[in-house]
file start_18.tsv (TSV, C-alpha atoms)
chain	number	residue	atom	x	y	z
L	1	MET	CA	26.67	-49.08	-7.59
L	2	ILE	CA	23.05	-48.40	-6.65
L	3	SER	CA	20.60	-50.66	-8.44
L	4	GLU	CA	17.84	-49.24	-10.63
L	5	ARG	CA	15.23	-50.70	-8.25
L	6	ILE	CA	16.73	-48.78	-5.29
L	7	LYS	CA	16.97	-45.62	-7.42
L	8	SER	CA	13.30	-45.97	-8.34
L	9	TRP	CA	12.40	-46.52	-4.69
L	10	ILE	CA	14.35	-43.39	-3.66
L	11	ARG	CA	12.58	-41.31	-6.33
L	12	THR	CA	9.19	-42.62	-5.22
L	13	GLU	CA	9.89	-41.99	-1.53
L	14	LEU	CA	11.18	-38.50	-2.20
L	15	PHE	CA	8.08	-37.75	-4.28
L	16	ASP	CA	5.76	-38.90	-1.50
L	17	GLN	CA	7.69	-37.71	1.54
L	18	VAL	CA	8.55	-34.17	0.47
L	19	PRO	CA	6.39	-31.73	2.54
L	20	VAL	CA	5.15	-29.93	-0.58
L	21	SER	CA	2.06	-30.74	-2.65
L	22	ILE	CA	3.20	-31.93	-6.09
L	23	CYS	CA	1.08	-32.86	-9.07
L	24	VAL	CA	1.60	-33.35	-12.81
L	25	ILE	CA	-1.02	-32.05	-15.26
L	26	ASP	CA	-1.42	-32.66	-18.99
L	27	ARG	CA	-2.47	-30.27	-21.77
L	28	ASP	CA	-6.14	-30.93	-20.99
L	29	LEU	CA	-5.43	-29.65	-17.45
L	30	ARG	CA	-6.07	-33.10	-16.00
L	31	ILE	CA	-3.98	-34.33	-13.09
L	32	VAL	CA	-2.10	-37.47	-14.14
L	33	GLU	CA	0.06	-37.92	-11.05
L	34	ALA	CA	0.32	-36.48	-7.54
L	35	ASN	CA	2.19	-37.15	-4.33
L	36	ARG	CA	0.88	-38.02	-0.87
L	37	THR	CA	0.96	-34.44	0.45
L	38	PHE	CA	-1.13	-33.23	-2.49
L	39	THR	CA	-3.75	-35.92	-1.84
L	40	GLU	CA	-3.90	-35.08	1.87
L	41	THR	CA	-4.25	-31.37	1.13
L	42	PHE	CA	-6.61	-31.31	-1.85
L	43	GLY	CA	-8.34	-34.71	-1.68
L	44	PRO	CA	-9.08	-37.20	-4.51
L	45	TRP	CA	-7.59	-36.16	-7.82
L	46	HIS	CA	-7.53	-39.17	-10.17
L	47	ASP	CA	-8.54	-38.18	-13.71
L	48	GLN	CA	-9.87	-34.80	-12.56
L	49	HIS	CA	-9.12	-31.35	-13.85
L	50	CYS	CA	-6.80	-29.19	-11.75
L	51	PHE	CA	-9.41	-26.44	-11.42
L	52	ALA	CA	-11.90	-28.94	-9.96
L	53	VAL	CA	-9.43	-30.26	-7.40
L	54	TYR	CA	-7.82	-26.95	-6.48
L	55	LYS	CA	-10.93	-24.75	-6.43
L	56	ASN	CA	-14.05	-26.94	-6.83
L	57	ARG	CA	-14.75	-25.27	-10.17
L	58	THR	CA	-16.65	-26.85	-13.04
L	59	GLU	CA	-14.76	-24.96	-15.72
L	60	ARG	CA	-11.28	-23.59	-16.32
L	61	CYS	CA	-10.18	-20.50	-14.39
L	62	GLU	CA	-10.56	-17.26	-16.35
L	63	ASP	CA	-6.90	-16.33	-15.84
L	64	CYS	CA	-5.33	-19.77	-16.12
L	65	ALA	CA	-1.59	-19.63	-15.43
L	66	ALA	CA	-1.14	-23.29	-16.41
L	67	ALA	CA	-2.62	-22.66	-19.88
L	68	THR	CA	-0.20	-19.75	-20.30
L	69	THR	CA	2.71	-21.96	-19.24
L	70	PHE	CA	1.70	-24.61	-21.80
L	71	SER	CA	1.65	-21.84	-24.40
L	72	ASP	CA	4.93	-20.04	-23.68
L	73	GLY	CA	6.92	-22.77	-21.88
L	74	LYS	CA	8.02	-20.40	-19.11
L	75	THR	CA	8.38	-21.27	-15.42
L	76	ARG	CA	6.18	-19.11	-13.23
L	77	ASN	CA	4.97	-18.61	-9.65
L	78	ARG	CA	1.37	-17.88	-8.74
L	79	GLU	CA	-0.42	-17.22	-5.45
L	80	GLU	CA	-3.82	-18.96	-5.30
L	81	GLN	CA	-6.66	-19.64	-2.90
L	82	GLY	CA	-8.80	-22.77	-2.61
L	83	PRO	CA	-10.51	-25.11	-0.13
L	84	ASP	CA	-8.58	-27.35	2.26
L	85	ALA	CA	-9.79	-30.91	1.79
L	86	SER	CA	-9.03	-31.88	5.39
L	87	GLU	CA	-10.81	-28.95	7.11
L	88	GLY	CA	-13.02	-27.51	4.38
L	89	LYS	CA	-11.91	-23.92	4.95
L	90	PRO	CA	-10.10	-21.63	2.49
L	91	THR	CA	-6.36	-22.07	2.19
L	92	HIS	CA	-3.73	-19.89	0.53
L	93	TYR	CA	-0.95	-21.54	-1.38
L	94	LEU	CA	1.95	-20.56	-3.62
L	95	VAL	CA	2.18	-22.59	-6.84
L	96	HIS	CA	5.48	-23.04	-8.66
L	97	MET	CA	4.88	-24.26	-12.24
L	98	VAL	CA	7.66	-26.02	-14.15
L	99	PRO	CA	7.00	-27.04	-17.77
L	100	LEU	CA	8.40	-30.39	-19.03
L	101	ILE	CA	9.61	-29.48	-22.50
L	102	ARG	CA	10.38	-32.11	-25.17
L	103	GLU	CA	13.23	-31.82	-27.63
L	104	ASP	CA	10.87	-30.47	-30.29
L	105	GLY	CA	9.88	-27.63	-27.92
L	106	GLU	CA	6.41	-28.96	-27.10
L	107	VAL	CA	5.22	-28.77	-23.49
L	108	ARG	CA	3.46	-32.07	-22.74
L	109	TYR	CA	3.17	-31.77	-18.96
L	110	ILE	CA	3.59	-29.27	-16.16
L	111	ILE	CA	4.80	-30.08	-12.67
L	112	GLU	CA	3.01	-27.93	-10.08
L	113	MET	CA	4.51	-27.61	-6.60
L	114	SER	CA	2.16	-25.98	-4.07
L	115	THR	CA	3.24	-24.63	-0.68
L	116	ASP	CA	0.62	-23.77	1.95
L	117	ILE	CA	1.11	-20.13	3.01
L	118	SER	CA	-2.15	-19.77	4.99
L	119	GLU	CA	-0.33	-19.28	8.30
L	120	MET	CA	1.92	-16.64	6.77
L	121	LYS	CA	-1.17	-14.85	5.43
L	122	ARG	CA	-2.80	-14.98	8.87
L	123	LEU	CA	0.28	-13.52	10.55
L	124	GLN	CA	0.50	-10.87	7.85
L	125	GLN	CA	-3.11	-9.86	8.52
L	126	GLU	CA	-2.50	-9.76	12.28
L	127	LYS	CA	0.53	-7.54	11.72
L	128	LEU	CA	-1.53	-5.23	9.50
L	129	THR	CA	-4.26	-5.01	12.16
L	130	ALA	CA	-1.67	-4.24	14.84
L	131	GLU	CA	-0.20	-1.48	12.67
L	132	ARG	CA	-3.63	0.06	12.21
L	133	LEU	CA	-4.37	-0.06	15.96
L	134	ALA	CA	-1.00	1.56	16.66
L	135	ALA	CA	-1.86	4.28	14.16
L	136	VAL	CA	-5.13	4.93	16.01
L	137	GLY	CA	-3.24	5.31	19.31
L	138	GLN	CA	-0.73	7.70	17.77
L	139	THR	CA	-3.55	9.68	16.18
L	140	VAL	CA	-5.36	10.11	19.52
L	141	ALA	CA	-2.10	11.27	21.11
L	142	GLY	CA	-1.63	13.75	18.28
L	143	LEU	CA	-5.16	15.10	18.64
L	144	ALA	CA	-4.66	15.62	22.38
L	145	HIS	CA	-1.42	17.47	21.65
L	146	GLY	CA	-3.17	19.76	19.15
L	147	ILE	CA	-6.05	20.52	21.51
L	148	LYS	CA	-3.56	21.38	24.28
L	149	ASN	CA	-1.75	23.85	22.02
L	150	VAL	CA	-4.98	25.61	21.05
L	151	THR	CA	-6.07	25.80	24.71
L	152	MET	CA	-2.74	27.33	25.70
L	153	GLY	CA	-3.17	29.95	22.97
L	154	LEU	CA	-6.60	30.91	24.31
L	155	GLU	CA	-5.29	31.10	27.87
L	156	GLY	CA	-2.46	33.35	26.72
L	157	GLY	CA	-4.87	35.66	24.91
L	158	MET	CA	-7.16	35.89	27.94
L	159	TYR	CA	-4.19	36.70	30.19
L	160	VAL	CA	-3.05	39.55	27.96
L	161	LEU	CA	-6.62	40.89	27.62
L	162	ASN	CA	-7.27	40.79	31.40
L	163	SER	CA	-3.94	42.42	32.19
L	164	GLY	CA	-4.78	45.19	29.70
L	165	ILE	CA	-8.15	45.76	31.39
L	166	LYS	CA	-6.51	45.95	34.83
L	167	ARG	CA	-3.91	48.43	33.56
L	168	ASN	CA	-6.46	50.29	31.46
L	169	SER	CA	-4.08	49.79	28.52
L	170	GLY	CA	-5.84	49.99	25.17
L	171	ASP	CA	-2.82	48.60	23.30
L	172	ARG	CA	-2.56	45.57	25.57
L	173	MET	CA	-6.30	44.90	25.37
L	174	GLN	CA	-6.06	45.09	21.56
L	175	GLN	CA	-3.12	42.65	21.61
L	176	GLY	CA	-5.14	40.22	23.77
L	177	LEU	CA	-8.17	40.48	21.47
L	178	GLU	CA	-5.99	39.79	18.43
L	179	MET	CA	-4.51	36.71	20.16
L	180	LEU	CA	-8.02	35.46	21.00
L	181	ASP	CA	-9.25	36.16	17.47
L	182	SER	CA	-6.30	34.27	15.99
L	183	ASN	CA	-6.79	31.24	18.24
L	184	ILE	CA	-10.56	31.16	17.70
L	185	ALA	CA	-9.87	31.01	13.96
L	186	ARG	CA	-7.48	28.12	14.66
L	187	ILE	CA	-10.20	26.35	16.66
L	188	SER	CA	-12.65	26.71	13.78
L	189	SER	CA	-10.14	25.28	11.30
L	190	PHE	CA	-9.06	22.58	13.74
L	191	VAL	CA	-12.61	21.40	14.49
L	192	LYS	CA	-13.52	21.26	10.79
L	193	GLU	CA	-10.46	19.22	9.89
L	194	PHE	CA	-10.86	17.03	12.97
L	195	LEU	CA	-14.49	16.21	12.11
L	196	ASP	CA	-13.48	15.37	8.53
L	197	PHE	CA	-10.69	13.16	9.86
L	198	ALA	CA	-12.80	11.43	12.54
L	199	LYS	CA	-15.79	10.84	10.25
L	200	GLY	CA	-13.61	9.39	7.55
L	201	ARG	CA	-15.19	7.74	4.54
L	202	THR	CA	-15.83	4.27	3.21
L	203	PRO	CA	-12.92	3.42	0.88
L	204	HIS	CA	-13.98	2.53	-2.65
L	205	VAL	CA	-11.26	0.25	-3.98
L	206	ALA	CA	-11.10	-0.40	-7.71
L	207	LEU	CA	-8.46	-1.21	-10.32
L	208	VAL	CA	-7.12	2.18	-11.37
L	209	ASP	CA	-4.09	3.66	-13.11
L	210	PRO	CA	-1.74	4.89	-10.33
L	211	ASN	CA	-0.22	7.45	-12.72
L	212	ARG	CA	-3.59	9.05	-13.46
L	213	ILE	CA	-4.03	10.00	-9.79
L	214	ALA	CA	-0.54	11.51	-9.59
L	215	ARG	CA	-1.07	13.33	-12.89
L	216	GLU	CA	-4.33	14.93	-11.67
L	217	VAL	CA	-2.69	16.15	-8.45
L	218	THR	CA	0.33	17.52	-10.34
L	219	GLU	CA	-1.88	19.50	-12.73
L	220	LEU	CA	-4.02	20.70	-9.81
L	221	PHE	CA	-1.10	22.56	-8.19
L	222	ARG	CA	0.96	23.54	-11.24
L	223	GLY	CA	-0.74	26.90	-11.88
L	224	THR	CA	-0.80	27.99	-8.23
L	225	ALA	CA	2.84	27.01	-7.77
L	226	ALA	CA	3.92	28.93	-10.88
L	227	ARG	CA	2.45	32.16	-9.46
L	228	SER	CA	4.78	31.71	-6.47
L	229	GLY	CA	7.76	31.00	-8.72
L	230	ILE	CA	7.79	27.26	-7.92
L	231	ARG	CA	8.00	24.54	-10.56
L	232	VAL	CA	5.95	21.34	-10.23
L	233	GLN	CA	7.32	18.51	-12.32
L	234	ALA	CA	6.32	14.88	-12.85
L	235	LYS	CA	8.42	11.75	-13.32
L	236	PHE	CA	6.04	8.85	-13.97
L	237	ASP	CA	6.88	5.24	-14.79
L	238	GLU	CA	4.39	4.64	-17.59
L	239	SER	CA	4.88	0.86	-17.41
L	240	ILE	CA	3.10	0.61	-14.03
L	241	ALA	CA	0.05	-1.67	-14.25
L	242	LYS	CA	-3.33	-0.88	-12.72
L	243	ALA	CA	-3.63	-1.47	-8.98
L	244	PRO	CA	-6.52	-1.87	-6.50
L	245	LEU	CA	-6.62	1.55	-4.82
L	246	ASP	CA	-9.09	3.92	-3.23
L	247	GLU	CA	-8.61	6.63	-5.84
L	248	GLU	CA	-10.06	9.47	-3.75
L	249	GLY	CA	-7.98	8.42	-0.75
L	250	ILE	CA	-4.69	8.31	-2.69
L	251	HIS	CA	-5.61	11.65	-4.30
L	252	THR	CA	-6.01	13.10	-0.78
L	253	CYS	CA	-2.61	11.71	0.30
L	254	LEU	CA	-0.77	13.21	-2.67
L	255	THR	CA	-2.66	16.51	-2.33
L	256	ASN	CA	-1.57	16.79	1.31
L	257	LEU	CA	2.07	16.00	0.48
L	258	VAL	CA	2.29	18.35	-2.51
L	259	SER	CA	0.60	21.15	-0.52
L	260	ASN	CA	3.14	20.70	2.30
L	261	ALA	CA	6.00	20.60	-0.21
L	262	LEU	CA	4.90	23.90	-1.76
L	263	ASP	CA	4.69	25.50	1.70
L	264	ALA	CA	8.22	24.28	2.45
L	265	CYS	CA	9.44	25.84	-0.80
L	266	GLU	CA	7.75	29.17	0.01
L	267	MET	CA	9.59	29.21	3.36
L	268	SER	CA	12.91	28.82	1.52
L	269	ASN	CA	15.03	31.71	0.23
L	270	LYS	CA	16.22	29.77	-2.81
L	271	GLU	CA	15.60	31.25	-6.25
L	272	ASP	CA	14.96	28.04	-8.18
L	273	ARG	CA	12.43	26.00	-6.19
L	274	CYS	CA	10.83	22.79	-7.40
L	275	VAL	CA	8.41	20.07	-6.27
L	276	THR	CA	8.74	16.69	-8.01
L	277	VAL	CA	6.06	13.99	-8.01
L	278	THR	CA	7.42	10.54	-8.92
L	279	THR	CA	5.84	7.13	-9.49
L	280	ARG	CA	7.65	3.83	-9.89
L	281	GLU	CA	7.37	0.14	-9.07
L	282	ALA	CA	10.12	-2.04	-7.62
L	283	ASP	CA	9.95	-5.67	-6.46
L	284	GLY	CA	6.16	-5.73	-6.48
L	285	THR	CA	5.84	-2.48	-4.53
L	286	LEU	CA	4.09	0.59	-5.93
L	287	VAL	CA	5.88	3.79	-4.86
L	288	TYR	CA	4.80	7.44	-4.87
L	289	GLU	CA	7.32	10.14	-3.96
L	290	VAL	CA	6.86	13.87	-3.41
L	291	ALA	CA	10.18	15.72	-3.19
L	292	ASP	CA	10.91	19.40	-2.65
L	293	ASP	CA	14.03	21.54	-2.38
L	294	GLY	CA	12.50	23.80	0.25
L	295	CYS	CA	13.53	24.64	3.80
L	296	GLY	CA	13.80	21.05	5.04
L	297	MET	CA	13.38	20.00	8.67
L	298	GLU	CA	15.68	20.23	11.65
L	299	TYR	CA	16.41	17.17	13.79
L	300	ASP	CA	13.85	17.86	16.54
L	301	VAL	CA	11.04	18.38	14.04
L	302	LYS	CA	11.86	15.15	12.20
L	303	GLN	CA	11.46	13.21	15.44
L	304	LYS	CA	7.90	14.49	15.86
L	305	VAL	CA	6.54	14.23	12.33
L	306	PHE	CA	4.24	11.27	13.04
L	307	THR	CA	3.84	11.61	16.82
L	308	GLY	CA	2.17	15.01	17.07
L	309	PHE	CA	0.50	17.58	14.87
L	310	PHE	CA	3.17	18.40	12.33
L	311	SER	CA	2.86	20.88	9.48
L	312	THR	CA	5.33	22.50	7.12
L	313	LYS	CA	3.17	25.64	7.19
L	314	GLU	CA	4.20	28.69	9.16
L	315	SER	CA	3.29	28.75	12.84
L	316	GLY	CA	-0.48	28.90	13.40
L	317	LYS	CA	-1.41	28.26	9.74
L	318	GLY	CA	-1.72	24.48	9.81
L	319	THR	CA	-3.23	21.86	12.09
L	320	GLY	CA	-1.02	18.97	10.99
L	321	LEU	CA	-4.05	16.74	10.36
L	322	GLY	CA	-2.97	16.37	6.74
L	323	LEU	CA	-0.12	14.00	7.59
L	324	LEU	CA	-2.22	12.05	10.09
L	325	THR	CA	-4.93	11.61	7.45
L	326	THR	CA	-2.33	10.58	4.89
L	327	ARG	CA	-0.81	7.98	7.19
L	328	LYS	CA	-4.27	6.61	8.01
L	329	ILE	CA	-5.18	6.16	4.33
L	330	VAL	CA	-1.79	4.63	3.48
L	331	GLN	CA	-2.07	2.07	6.29
L	332	GLU	CA	-5.62	1.21	5.21
L	333	HIS	CA	-3.99	0.15	1.93
L	334	GLY	CA	-1.44	-2.02	3.73
L	335	GLY	CA	1.31	0.46	2.88
L	336	LYS	CA	3.73	2.67	4.77
L	337	ILE	CA	4.82	6.30	4.67
L	338	SER	CA	8.40	7.44	5.26
L	339	PHE	CA	10.48	10.55	4.65
L	340	GLU	CA	13.97	11.98	4.39
L	341	SER	CA	14.80	15.62	5.11
L	342	ALA	CA	17.77	17.91	5.57
L	343	GLU	CA	17.76	21.56	6.65
L	344	GLU	CA	17.97	24.02	3.76
L	345	GLU	CA	18.11	21.10	1.29
L	346	GLY	CA	14.52	19.84	1.20
L	347	SER	CA	12.42	16.77	1.95
L	348	VAL	CA	11.20	13.61	0.27
L	349	PHE	CA	8.00	11.91	1.42
L	350	ARG	CA	7.52	8.35	0.17
L	351	LEU	CA	4.37	6.19	0.02
L	352	GLU	CA	5.01	2.47	-0.51
L	353	PHE	CA	2.26	-0.03	-1.34
L	354	PRO	CA	3.24	-3.73	-1.66
L	355	ARG	CA	0.80	-5.18	-4.19
L	356	SER	CA	0.43	-8.33	-2.08
L	357	ARG	CA	-1.07	-6.22	0.74
L	358	LEU	CA	-3.40	-4.00	-1.28
L	359	PRO	CA	-7.13	-4.41	-0.50
L	360	GLU	CA	-9.52	-6.29	-2.78
L	361	PRO	CA	-11.50	-4.17	-5.28
L	362	THR	CA	-14.98	-3.24	-4.03
L	363	GLY	CA	-16.50	-2.15	-7.31
L	364	LYS	CA	-16.04	-1.95	-11.03
L	365	VAL	CA	-13.65	0.49	-12.61
L	366	ASP	CA	-15.21	3.48	-14.28
L	367	ALA	CA	-14.52	2.49	-17.86
L	368	GLU	CA	-14.97	6.04	-19.09
L	369	LYS	CA	-12.36	7.42	-16.68
L	370	ASP	CA	-9.88	4.71	-17.59
L	371	ALA	CA	-10.30	5.19	-21.32
call {"tool": "encode", "arguments": {"input": "start_18.tsv", "output": "structure tokens"}}
result
Amino acid sequence: MISERIKSWIRTELFDQVPVSICVIDRDLRIVEANRTFTETFGPWHDQHCFAVYKNRTERCEDCAAATTFSDGKTRNREEQGPDASEGKPTHYLVHMVPLIREDGEVRYIIEMSTDISEMKRLQQEKLTAERLAAVGQTVAGLAHGIKNVTMGLEGGMYVLNSGIKRNSGDRMQQGLEMLDSNIARISSFVKEFLDFAKGRTPHVALVDPNRIAREVTELFRGTAARSGIRVQAKFDESIAKAPLDEEGIHTCLTNLVSNALDACEMSNKEDRCVTVTTREADGTLVYEVADDGCGMEYDVKQKVFTGFFSTKESGKGTGLGLLTTRKIVQEHGGKISFESAEEEGSVFRLEFPRSRLPEPTGKVDAEKDA
């Protein structure tokens, strides 16, 4: 039998030796007990409020998770940021709150266990930066590919025109002029889109309703699609909460995808053609999907979607900058773009935005627009 003294010693040692910051707070949000790791991480705590120790605040946090836990008695996790007592620089930590509930249902104390996730955050940011740099490299390669194609078109037109002059063939000269005219028009379109892409814009991130953006894009194309005999339908998860997004940027992404989807449908011989815009959220990730039942993509095309200038438009009618722009905006939000496609069945393009990686809001939400 283990004596009570040894049991007490084991409990005390476990409390102090566990590599997690642990504290106990009362209903006044004062820390009444803490272990060694907590003291080393956050500094002196005796008879101080948790918000003072965690964040050097003089008053309670506006969105106090502990107060909510005292009220509803539910266990919850919360990611927070505060100063590191040992180094004085910001630290990120994950707090696990466990209410101590009495028999009468009252919550007298809460045990808070905090795990330092600063290193994980740093690695996450480094990974995000690497992804963005890789996107830049792929974009440059795609631009070079597009310029090469346009140059080859001009060279072909000049060859046909010169050969027509040498042969004194009016038909061949006309063919060469038409080829040059077509490729000059492509250059004009290409340069305009390239300048828009290269110049970019400063993202304005604010808390917005993700469904509102998708709804605006859906309505934008519905009339045009109907004239071509294509249905545009929406499947929105109305329970999705507001998210920090660059509204204009996400609008551009969805516009590009829906435009491509409509082009794919027009290239299909099916009678009943449809483009579906979907929103949903799963495991903390906001998801947009644009699906079509158009012509789909063959294997070789699918391999080049994000490595060169890809477009679902007919040959010569698109530069492919739409998808490059879309990928750039998505990655600026810490998200990713993926797709599935099958010939003669259609395609699904998917934008995924983990909420934990979304950028911080840069301005206030337009209250009128959100009303």
call {"tool": "atom_distance", "arguments": {"input": "start_18.tsv", "atom1": "CA of Gly176 (chain L)", "atom2": "CA of Met267 (chain L)"}}
result
27.5 Å
call {"tool": "atom_distance", "arguments": {"input": "start_18.tsv", "atom1": "CA of Ser259 (chain L)", "atom2": "CA of His333 (chain L)"}}
result
21.6 Å
call {"tool": "closest_residue", "arguments": {"input": "start_18.tsv", "among": "L:Leu123, L:Val107, L:Ala234, L:Val53", "to": "Gly73 (chain L)", "atoms": "all atoms listed in the file"}}
result
L:Val107
call {"tool": "closest_residue", "arguments": {"input": "start_18.tsv", "among": "L:Gly157, L:Gly223, L:Gly334, L:Pro361", "to": "Val208 (chain L)", "atoms": "only C-alpha atoms"}}
result
L:Pro361
call {"tool": "closest_residue", "arguments": {"input": "start_18.tsv", "among": "L:Asp181, L:Asp47, L:Asp283, L:Glu289", "to": "Leu161 (chain L)", "atoms": "only C-alpha atoms"}}
result
L:Asp181
call {"tool": "residues_around", "arguments": {"input": "start_18.tsv", "residues": "Ala225 (chain L)", "least_positions_apart": "2", "cutoff": "12 Å", "atoms": "only C-alpha atoms", "output": "ChimeraX atom specification"}}
result
/L:218-223,227-233,258-266,273-276
call {"tool": "atom_distance", "arguments": {"input": "start_18.tsv", "atom1": "CA of Ile213 (chain L)", "atom2": "CA of His251 (chain L)"}}
result
5.9 Å
call {"tool": "closest_residue", "arguments": {"input": "start_18.tsv", "among": "L:Leu358, L:Val95, L:Val32, L:Met113", "to": "Pro244 (chain L)", "atoms": "all atoms listed in the file"}}
result
L:Leu358
call {"tool": "residues_near_point", "arguments": {"input": "start_18.tsv", "point": "(1.6, -21.8, 6.5)", "cutoff": "12 Å", "atoms": "all atoms listed in the file", "output": "list in words"}}
result
Pro19, Val20, Thr91, His92, Tyr93, Leu94, Ser114, Thr115, Asp116, Ile117, Ser118, Glu119, Met120, Lys121, Arg122, Leu123 and Gln124 of chain L
call {"tool": "closest_residue", "arguments": {"input": "start_18.tsv", "among": "L:Gly82, L:Gly296, L:Ile101, L:Met158", "to": "Gly43 (chain L)", "atoms": "all atoms listed in the file"}}
result
L:Gly82
call {"tool": "residues_around", "arguments": {"input": "start_18.tsv", "residues": "region 96-99 of chain L", "least_positions_apart": "4", "cutoff": "6 Å", "atoms": "all atoms listed in the file", "output": "PyMOL selection string"}}
result
chain L and resi 73+75-77+110-113
call {"tool": "closest_residue", "arguments": {"input": "start_18.tsv", "among": "L:Gly322, L:Gly346, L:Gly249, L:Gly284", "to": "Met297 (chain L)", "atoms": "only C-alpha atoms"}}
result
L:Gly346
call {"tool": "axis_aligned_box", "arguments": {"input": "start_18.tsv", "around": "region 152-163 of chain L", "padding_each_side": "5 Å", "output": "lines of an AutoDock Vina configuration file"}}
result
center_x = -4.9
center_y = 34.9
center_z = 27.6
size_x = 14.8
size_y = 25.1
size_z = 19.2
